[in-house]
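Colleague: Sharing coords.txt (compact mmCIF, N, CA and C atoms) below.
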```
# COMPACT_ATOMS: atom_id res chain seq x y z
N MET D 1 12.95 212.43 456.18
CA MET D 1 14.09 213.33 456.17
C MET D 1 13.63 214.76 455.89
N LYS D 2 12.68 214.95 454.97
CA LYS D 2 12.20 216.29 454.65
C LYS D 2 11.54 216.93 455.86
N LYS D 3 10.81 216.14 456.65
CA LYS D 3 10.17 216.67 457.84
C LYS D 3 11.22 217.12 458.86
N ILE D 4 12.30 216.35 458.98
CA ILE D 4 13.36 216.71 459.92
C ILE D 4 14.03 218.00 459.48
N LEU D 5 14.35 218.12 458.19
CA LEU D 5 14.98 219.35 457.69
C LEU D 5 14.07 220.55 457.88
N PHE D 6 12.78 220.36 457.65
CA PHE D 6 11.82 221.44 457.86
C PHE D 6 11.80 221.87 459.32
N LEU D 7 11.78 220.90 460.23
CA LEU D 7 11.80 221.19 461.66
C LEU D 7 13.06 221.96 462.04
N VAL D 8 14.21 221.54 461.52
CA VAL D 8 15.46 222.24 461.80
C VAL D 8 15.38 223.68 461.29
N PHE D 9 14.87 223.85 460.08
CA PHE D 9 14.75 225.18 459.49
C PHE D 9 13.86 226.08 460.35
N VAL D 10 12.70 225.58 460.76
CA VAL D 10 11.79 226.37 461.58
C VAL D 10 12.43 226.72 462.92
N THR D 11 13.09 225.76 463.54
CA THR D 11 13.75 226.01 464.82
C THR D 11 14.83 227.08 464.69
N CYS D 12 15.66 226.97 463.66
CA CYS D 12 16.71 227.96 463.44
C CYS D 12 16.10 229.33 463.17
N SER D 13 15.03 229.39 462.39
CA SER D 13 14.38 230.66 462.07
C SER D 13 13.84 231.33 463.32
N ILE D 14 13.21 230.55 464.19
CA ILE D 14 12.68 231.10 465.44
C ILE D 14 13.82 231.59 466.32
N ALA D 15 14.89 230.80 466.41
CA ALA D 15 16.03 231.19 467.23
C ALA D 15 16.65 232.49 466.72
N ILE D 16 16.79 232.61 465.42
CA ILE D 16 17.40 233.80 464.84
C ILE D 16 16.51 235.02 465.07
N SER D 17 15.21 234.90 464.82
CA SER D 17 14.32 236.05 464.97
C SER D 17 14.14 236.42 466.43
N GLY D 18 14.20 235.45 467.32
CA GLY D 18 13.98 235.72 468.73
C GLY D 18 15.21 236.19 469.48
N PHE D 19 16.38 235.86 469.02
CA PHE D 19 17.58 236.15 469.79
C PHE D 19 18.62 236.98 469.05
N GLY D 20 18.35 237.42 467.85
CA GLY D 20 19.33 238.24 467.13
C GLY D 20 20.29 237.39 466.33
N GLN D 21 21.50 237.90 466.14
CA GLN D 21 22.47 237.25 465.27
C GLN D 21 23.01 235.96 465.85
N THR D 22 23.53 235.13 464.97
CA THR D 22 24.07 233.83 465.35
C THR D 22 25.10 233.94 466.45
N ALA D 23 25.99 234.92 466.34
CA ALA D 23 27.08 235.07 467.30
C ALA D 23 26.55 235.27 468.72
N GLU D 24 25.38 235.89 468.85
CA GLU D 24 24.80 236.10 470.16
C GLU D 24 24.18 234.81 470.72
N LEU D 25 23.77 233.93 469.84
CA LEU D 25 23.09 232.71 470.26
C LEU D 25 24.06 231.55 470.45
N PHE D 26 25.03 231.41 469.54
CA PHE D 26 26.02 230.34 469.60
C PHE D 26 27.42 230.93 469.48
N PRO D 27 28.39 230.38 470.21
CA PRO D 27 29.77 230.85 470.04
C PRO D 27 30.28 230.52 468.64
N LYS D 28 31.27 231.29 468.17
CA LYS D 28 31.85 231.08 466.84
C LYS D 28 32.45 229.70 466.69
N GLY D 29 32.95 229.12 467.75
CA GLY D 29 33.63 227.83 467.65
C GLY D 29 35.11 228.04 467.44
N GLU D 30 35.73 227.05 466.82
CA GLU D 30 37.18 227.05 466.62
C GLU D 30 37.53 227.52 465.21
N ILE D 31 38.67 228.16 465.08
CA ILE D 31 39.16 228.53 463.76
C ILE D 31 39.51 227.25 463.02
N SER D 32 39.02 227.13 461.80
CA SER D 32 39.28 225.94 461.00
C SER D 32 40.75 225.88 460.58
N ALA D 33 41.38 224.74 460.82
CA ALA D 33 42.78 224.54 460.44
C ALA D 33 42.90 223.65 459.21
N THR D 34 41.77 223.33 458.59
CA THR D 34 41.79 222.47 457.40
C THR D 34 42.28 223.26 456.19
N ASP D 35 42.66 222.55 455.15
CA ASP D 35 43.17 223.18 453.93
C ASP D 35 42.12 223.16 452.83
N ASN D 36 40.88 223.59 453.17
CA ASN D 36 39.81 223.59 452.18
C ASN D 36 39.17 224.97 452.04
N HIS D 37 39.92 226.00 452.45
CA HIS D 37 39.39 227.36 452.37
C HIS D 37 40.53 228.37 452.34
N THR D 38 40.14 229.62 452.03
CA THR D 38 41.06 230.75 452.06
C THR D 38 40.51 231.75 453.07
N GLY D 39 41.36 232.30 453.92
CA GLY D 39 40.91 233.25 454.93
C GLY D 39 40.55 232.55 456.23
N THR D 40 40.01 233.33 457.17
CA THR D 40 39.68 232.81 458.50
C THR D 40 38.21 232.43 458.58
N ILE D 41 37.97 231.17 458.95
CA ILE D 41 36.62 230.65 459.12
C ILE D 41 36.55 229.93 460.47
N TRP D 42 35.52 230.26 461.24
CA TRP D 42 35.26 229.58 462.51
C TRP D 42 34.14 228.58 462.28
N LEU D 43 34.23 227.43 462.94
CA LEU D 43 33.21 226.40 462.79
C LEU D 43 32.78 225.88 464.16
N ASN D 44 31.47 225.82 464.37
CA ASN D 44 30.90 225.29 465.59
C ASN D 44 29.89 224.22 465.19
N GLU D 45 30.29 222.96 465.34
CA GLU D 45 29.40 221.85 464.99
C GLU D 45 28.42 221.65 466.14
N LEU D 46 27.18 221.99 465.90
CA LEU D 46 26.15 221.94 466.94
C LEU D 46 25.60 220.55 467.15
N SER D 47 25.50 219.78 466.06
CA SER D 47 24.94 218.43 466.14
C SER D 47 25.59 217.57 465.06
N LYS D 48 26.17 216.45 465.48
CA LYS D 48 26.80 215.52 464.54
C LYS D 48 25.80 214.44 464.15
N PRO D 49 25.97 213.87 462.95
CA PRO D 49 25.07 212.78 462.53
C PRO D 49 25.20 211.58 463.47
N ASP D 50 24.10 210.88 463.67
CA ASP D 50 24.14 209.65 464.46
C ASP D 50 23.18 208.64 463.84
N SER D 51 22.94 207.54 464.51
CA SER D 51 22.11 206.48 463.93
C SER D 51 20.63 206.84 463.88
N ILE D 52 20.22 207.89 464.58
CA ILE D 52 18.81 208.29 464.59
C ILE D 52 18.57 209.46 463.63
N LEU D 53 19.39 210.51 463.74
CA LEU D 53 19.28 211.68 462.88
C LEU D 53 20.57 211.81 462.09
N ASN D 54 20.53 211.44 460.82
CA ASN D 54 21.74 211.30 460.01
C ASN D 54 22.05 212.58 459.22
N TYR D 55 22.20 213.69 459.94
CA TYR D 55 22.62 214.96 459.33
C TYR D 55 23.36 215.76 460.39
N SER D 56 24.16 216.71 459.94
CA SER D 56 24.86 217.58 460.87
C SER D 56 24.28 218.98 460.79
N ILE D 57 24.40 219.71 461.89
CA ILE D 57 24.04 221.12 461.93
C ILE D 57 25.25 221.86 462.48
N ALA D 58 25.67 222.87 461.76
CA ALA D 58 26.85 223.63 462.18
C ALA D 58 26.60 225.12 461.95
N VAL D 59 27.35 225.93 462.69
CA VAL D 59 27.39 227.37 462.45
C VAL D 59 28.77 227.66 461.90
N ALA D 60 28.82 228.33 460.75
CA ALA D 60 30.09 228.76 460.16
C ALA D 60 30.10 230.28 460.14
N THR D 61 31.23 230.86 460.58
CA THR D 61 31.40 232.31 460.60
C THR D 61 32.67 232.65 459.84
N TYR D 62 32.57 233.55 458.87
CA TYR D 62 33.68 233.91 458.00
C TYR D 62 34.13 235.34 458.28
N ALA D 63 35.43 235.56 458.30
CA ALA D 63 35.98 236.91 458.30
C ALA D 63 35.78 237.48 456.89
N PRO D 64 35.78 238.81 456.73
CA PRO D 64 35.64 239.37 455.39
C PRO D 64 36.65 238.75 454.41
N GLY D 65 36.16 238.39 453.23
CA GLY D 65 37.01 237.82 452.18
C GLY D 65 37.29 236.33 452.29
N ALA D 66 36.90 235.69 453.38
CA ALA D 66 37.13 234.24 453.53
C ALA D 66 36.16 233.46 452.65
N LYS D 67 36.63 232.34 452.10
CA LYS D 67 35.77 231.55 451.23
C LYS D 67 36.20 230.09 451.24
N LEU D 68 35.23 229.21 451.04
CA LEU D 68 35.51 227.79 450.91
C LEU D 68 35.97 227.49 449.49
N ASP D 69 36.72 226.40 449.34
CA ASP D 69 37.09 225.92 448.01
C ASP D 69 35.84 225.36 447.32
N TRP D 70 35.95 225.11 446.02
CA TRP D 70 34.89 224.41 445.30
C TRP D 70 34.68 223.06 445.99
N HIS D 71 33.44 222.64 446.13
CA HIS D 71 33.15 221.38 446.79
C HIS D 71 31.78 220.85 446.38
N ILE D 72 31.52 219.60 446.77
CA ILE D 72 30.27 218.91 446.49
C ILE D 72 29.77 218.27 447.78
N HIS D 73 28.46 218.38 448.02
CA HIS D 73 27.81 217.64 449.11
C HIS D 73 27.02 216.51 448.45
N PRO D 74 27.42 215.26 448.65
CA PRO D 74 26.74 214.15 447.98
C PRO D 74 25.24 214.09 448.25
N ALA D 75 24.79 214.51 449.44
CA ALA D 75 23.36 214.49 449.75
C ALA D 75 22.76 215.89 449.81
N GLY D 76 23.50 216.91 449.39
CA GLY D 76 23.01 218.28 449.41
C GLY D 76 23.29 218.98 450.73
N GLN D 77 22.82 220.21 450.83
CA GLN D 77 23.01 221.02 452.04
C GLN D 77 22.06 222.21 451.98
N VAL D 78 21.61 222.67 453.14
CA VAL D 78 20.83 223.89 453.24
C VAL D 78 21.62 224.88 454.09
N LEU D 79 21.78 226.11 453.57
CA LEU D 79 22.45 227.18 454.31
C LEU D 79 21.42 228.24 454.66
N ILE D 80 21.36 228.62 455.93
CA ILE D 80 20.46 229.67 456.40
C ILE D 80 21.35 230.84 456.83
N ILE D 81 21.39 231.89 456.01
CA ILE D 81 22.31 233.01 456.24
C ILE D 81 21.81 233.82 457.43
N THR D 82 22.69 234.01 458.43
CA THR D 82 22.31 234.69 459.66
C THR D 82 23.04 236.01 459.89
N GLU D 83 24.06 236.28 459.09
CA GLU D 83 24.84 237.50 459.30
C GLU D 83 25.57 237.89 458.03
N GLY D 84 25.60 239.18 457.74
CA GLY D 84 26.45 239.71 456.69
C GLY D 84 26.00 239.49 455.28
N THR D 85 26.96 239.69 454.38
CA THR D 85 26.76 239.52 452.95
C THR D 85 27.83 238.57 452.43
N GLY D 86 27.42 237.67 451.55
CA GLY D 86 28.37 236.71 451.01
C GLY D 86 28.04 236.36 449.59
N TYR D 87 28.72 235.32 449.10
CA TYR D 87 28.55 234.85 447.73
C TYR D 87 28.28 233.36 447.72
N TYR D 88 27.52 232.93 446.72
CA TYR D 88 27.28 231.52 446.47
C TYR D 88 27.34 231.33 444.95
N GLN D 89 28.08 230.32 444.50
CA GLN D 89 28.15 230.08 443.07
C GLN D 89 28.18 228.58 442.79
N GLU D 90 27.34 228.17 441.84
CA GLU D 90 27.36 226.80 441.33
C GLU D 90 28.16 226.79 440.04
N LYS D 91 28.85 225.70 439.79
CA LYS D 91 29.66 225.55 438.58
C LYS D 91 28.83 225.86 437.34
N GLY D 92 29.37 226.74 436.47
CA GLY D 92 28.71 227.08 435.23
C GLY D 92 27.61 228.12 435.33
N LYS D 93 27.36 228.65 436.53
CA LYS D 93 26.33 229.66 436.74
C LYS D 93 26.96 230.93 437.32
N PRO D 94 26.28 232.07 437.18
CA PRO D 94 26.81 233.31 437.75
C PRO D 94 26.85 233.26 439.28
N LYS D 95 27.77 234.00 439.85
CA LYS D 95 27.86 234.12 441.30
C LYS D 95 26.66 234.92 441.81
N GLN D 96 26.09 234.48 442.93
CA GLN D 96 24.97 235.16 443.56
C GLN D 96 25.44 235.90 444.80
N ILE D 97 24.88 237.06 445.04
CA ILE D 97 25.12 237.77 446.30
C ILE D 97 24.01 237.34 447.25
N VAL D 98 24.39 236.93 448.46
CA VAL D 98 23.41 236.48 449.46
C VAL D 98 23.55 237.33 450.72
N HIS D 99 22.44 237.49 451.43
CA HIS D 99 22.38 238.35 452.60
C HIS D 99 21.72 237.64 453.77
N LYS D 100 21.89 238.23 454.93
CA LYS D 100 21.21 237.75 456.13
C LYS D 100 19.73 237.54 455.81
N GLY D 101 19.21 236.36 456.18
CA GLY D 101 17.81 236.03 455.93
C GLY D 101 17.60 235.16 454.71
N ASP D 102 18.60 235.06 453.84
CA ASP D 102 18.47 234.21 452.65
C ASP D 102 18.67 232.74 453.02
N VAL D 103 18.05 231.87 452.24
CA VAL D 103 18.21 230.42 452.39
C VAL D 103 18.72 229.88 451.06
N ILE D 104 19.80 229.11 451.12
CA ILE D 104 20.39 228.53 449.92
C ILE D 104 20.22 227.02 449.99
N LYS D 105 19.72 226.44 448.92
CA LYS D 105 19.62 224.98 448.81
C LYS D 105 20.72 224.52 447.87
N CYS D 106 21.72 223.86 448.41
CA CYS D 106 22.80 223.28 447.61
C CYS D 106 22.35 221.89 447.21
N SER D 107 22.07 221.71 445.94
CA SER D 107 21.55 220.42 445.47
C SER D 107 22.59 219.31 445.59
N PRO D 108 22.16 218.08 445.80
CA PRO D 108 23.09 216.96 445.89
C PRO D 108 23.97 216.85 444.64
N GLY D 109 25.27 216.66 444.87
CA GLY D 109 26.21 216.41 443.78
C GLY D 109 26.57 217.61 442.94
N VAL D 110 26.12 218.82 443.29
CA VAL D 110 26.40 220.02 442.50
C VAL D 110 27.65 220.72 443.03
N GLU D 111 28.62 220.93 442.15
CA GLU D 111 29.86 221.62 442.50
C GLU D 111 29.56 223.10 442.75
N HIS D 112 30.03 223.63 443.90
CA HIS D 112 29.75 225.01 444.26
C HIS D 112 30.77 225.52 445.27
N TRP D 113 30.70 226.82 445.57
CA TRP D 113 31.51 227.42 446.64
C TRP D 113 30.68 228.54 447.27
N HIS D 114 31.07 228.94 448.48
CA HIS D 114 30.45 230.08 449.14
C HIS D 114 31.46 230.75 450.05
N GLY D 115 31.25 232.06 450.28
CA GLY D 115 32.18 232.80 451.12
C GLY D 115 31.67 234.19 451.42
N ALA D 116 32.45 234.92 452.21
CA ALA D 116 32.10 236.27 452.65
C ALA D 116 32.48 237.31 451.60
N SER D 117 31.78 238.43 451.61
CA SER D 117 32.19 239.57 450.79
C SER D 117 33.47 240.15 451.41
N LEU D 118 34.11 241.04 450.70
CA LEU D 118 35.33 241.68 451.23
C LEU D 118 35.02 242.65 452.36
N GLU D 119 33.78 243.11 452.45
CA GLU D 119 33.42 244.16 453.39
C GLU D 119 32.85 243.69 454.72
N THR D 120 32.28 242.47 454.78
CA THR D 120 31.56 242.08 456.00
C THR D 120 31.90 240.66 456.45
N ASP D 121 31.67 240.42 457.74
CA ASP D 121 31.64 239.06 458.24
C ASP D 121 30.43 238.38 457.59
N PHE D 122 30.42 237.07 457.64
CA PHE D 122 29.36 236.30 457.00
C PHE D 122 29.16 235.05 457.85
N ALA D 123 27.91 234.71 458.14
CA ALA D 123 27.66 233.52 458.96
C ALA D 123 26.37 232.83 458.52
N TYR D 124 26.32 231.53 458.78
CA TYR D 124 25.13 230.75 458.45
C TYR D 124 25.05 229.50 459.29
N PHE D 125 23.82 228.96 459.37
CA PHE D 125 23.59 227.61 459.85
C PHE D 125 23.68 226.71 458.62
N ALA D 126 24.37 225.60 458.73
CA ALA D 126 24.46 224.62 457.65
C ALA D 126 23.83 223.32 458.13
N VAL D 127 22.88 222.83 457.36
CA VAL D 127 22.24 221.54 457.64
C VAL D 127 22.66 220.60 456.51
N THR D 128 23.43 219.56 456.88
CA THR D 128 24.03 218.69 455.88
C THR D 128 23.68 217.23 456.13
N PRO D 129 22.85 216.63 455.26
CA PRO D 129 22.59 215.20 455.38
C PRO D 129 23.89 214.41 455.18
N ALA D 130 24.04 213.32 455.90
CA ALA D 130 25.29 212.56 455.85
C ALA D 130 25.16 211.17 455.23
N GLN D 131 23.95 210.77 454.85
CA GLN D 131 23.74 209.39 454.42
C GLN D 131 24.49 209.01 453.14
N LYS D 132 24.90 209.98 452.32
CA LYS D 132 25.61 209.66 451.08
C LYS D 132 27.10 209.97 451.16
N GLY D 133 27.59 210.32 452.33
CA GLY D 133 29.01 210.57 452.49
C GLY D 133 29.34 212.02 452.81
N LYS D 134 30.61 212.24 453.07
CA LYS D 134 31.10 213.56 453.48
C LYS D 134 31.33 214.47 452.27
N THR D 135 31.56 215.73 452.57
CA THR D 135 31.86 216.74 451.56
C THR D 135 33.09 216.32 450.75
N ILE D 136 33.01 216.53 449.44
CA ILE D 136 34.12 216.25 448.54
C ILE D 136 34.75 217.59 448.18
N TRP D 137 36.00 217.79 448.58
CA TRP D 137 36.70 219.06 448.34
C TRP D 137 37.42 219.03 447.02
N LEU D 138 37.34 220.15 446.30
CA LEU D 138 37.92 220.26 444.96
C LEU D 138 38.97 221.37 444.95
N LYS D 139 39.04 222.15 443.89
CA LYS D 139 40.10 223.15 443.73
C LYS D 139 39.76 224.47 444.43
N ARG D 140 40.78 225.30 444.59
CA ARG D 140 40.61 226.63 445.17
C ARG D 140 39.75 227.50 444.26
N VAL D 141 39.05 228.44 444.85
CA VAL D 141 38.34 229.47 444.10
C VAL D 141 39.38 230.48 443.67
N THR D 142 39.43 230.80 442.38
CA THR D 142 40.42 231.76 441.89
C THR D 142 40.00 233.19 442.23
N GLY D 143 40.95 234.09 442.18
CA GLY D 143 40.66 235.50 442.40
C GLY D 143 39.65 236.04 441.39
N GLU D 144 39.76 235.59 440.15
CA GLU D 144 38.82 236.04 439.11
C GLU D 144 37.40 235.54 439.41
N GLU D 145 37.26 234.29 439.86
CA GLU D 145 35.95 233.76 440.20
C GLU D 145 35.35 234.55 441.36
N TYR D 146 36.20 234.86 442.33
CA TYR D 146 35.72 235.57 443.53
C TYR D 146 35.30 236.99 443.19
N LYS D 147 36.07 237.67 442.36
CA LYS D 147 35.80 239.09 442.06
C LYS D 147 34.70 239.29 441.03
N ALA D 148 34.54 238.34 440.10
CA ALA D 148 33.62 238.53 438.99
C ALA D 148 32.17 238.43 439.44
N ILE D 149 31.40 239.45 439.15
CA ILE D 149 29.95 239.41 439.37
C ILE D 149 29.33 239.59 438.00
N LYS D 150 28.61 238.57 437.57
CA LYS D 150 28.01 238.61 436.23
C LYS D 150 26.58 239.08 436.29
```
Will you turn the file into structure tokens for me?

Modeller:
Amino acid sequence: MKKILFLVFVTCSIAISGFGQTAELFPKGEISATDNHTGTIWLNELSKPDSILNYSIAVATYAPGAKLDWHIHPAGQVLIITEGTGYYQEKGKPKQIVHKGDVIKCSPGVEHWHGASLETDFAYFAVTPAQKGKTIWLKRVTGEEYKAIK
């Protein structure tokens, strides 16, 4: 599994450096109609898990200020930031500012959220192993959590 994730990371890195921003390489996809976020988020699922490769790869694009609710990935997730400035926060830790080119490792079972800054669009490739189940959605991110930078 580690070799597969490494291969995906290298492939995405080459694609990003060779072709520019995510939006130029892959379409934004569809606006998410789920009730697990605030603001406008587009999702393009590039590869769904199957019996051979049990992880998904997606491109997520956020309008300024859009953010996901608190959630957990049972098997973890890797985010490769391809556009803009955003935030990532794990429960009990300070919010981090992340930028194009950053890589975030969301550890398995760790409650966290991520979203766009108020000023810019924000996009990333998400690589999510599926062998331990789907994302577990929790509560909304409060305005204080979103605004507070410690």

Colleague: Set the distance at 10 Å and use only C-alpha atoms: which residues neighbour Lys91 in chain D once local chain neighbours fewer than 4 positions away are removed? I'd like the list as a PyMOL selection string.

Modeller: chain D and resi 70-71+95+110-113

Colleague: Write the selection just made, keeping N, CA and C atoms, as a compact mmCIF listing (two decimals), in the coordinates of the input?

Modeller:
```txt
# COMPACT_ATOMS: atom_id res chain seq x y z
N TRP D 70 35.95 225.11 446.02
CA TRP D 70 34.89 224.41 445.30
C TRP D 70 34.68 223.06 445.99
N HIS D 71 33.44 222.64 446.13
CA HIS D 71 33.15 221.38 446.79
C HIS D 71 31.78 220.85 446.38
N LYS D 95 27.77 234.00 439.85
CA LYS D 95 27.86 234.12 441.30
C LYS D 95 26.66 234.92 441.81
N VAL D 110 26.12 218.82 443.29
CA VAL D 110 26.40 220.02 442.50
C VAL D 110 27.65 220.72 443.03
N GLU D 111 28.62 220.93 442.15
CA GLU D 111 29.86 221.62 442.50
C GLU D 111 29.56 223.10 442.75
N HIS D 112 30.03 223.63 443.90
CA HIS D 112 29.75 225.01 444.26
C HIS D 112 30.77 225.52 445.27
N TRP D 113 30.70 226.82 445.57
CA TRP D 113 31.51 227.42 446.64
C TRP D 113 30.68 228.54 447.27
```

Colleague: What's around range 28-32 of chain D at 5 Å? Count only N, CA and C atoms, leave out sequence neighbours fewer than 4 positions away in its own chain, and write the answer as a list of chain:residue names.

Modeller: D:Ile41, D:Trp42, D:Leu43, D:Asn44

Colleague: How many Å lie between atom N of Leu79 in chain D and CA of Ala123 in chain D, rounded to one decimal?

Modeller: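 Value for the atom N of Leu79 in chain D-CA of Ala123 in chain D distance: 10.9 Å.
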
Colleague: Give me every strand (DSSP E) residue in range 11-91 of chain D, going by DSSP on the backbone, as an MDAnalysis selection string.

Modeller: chainID D and resid 30:31 37:38 41:47 55:62 67:68 71:72 77:90

Colleague: Between CA of Ser47 in chain D and CA of Val127 in chain D, what is the distance in Å, rounded to a tenth?

Modeller: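 The value is 9.4 Å.
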
Colleague: Using only C-alpha atoms, which residue out of D:Val103, D:Gly76, D:Tyr124, D:Gly86 lies closest to Phe26 in chain D?

Modeller: D:Tyr124
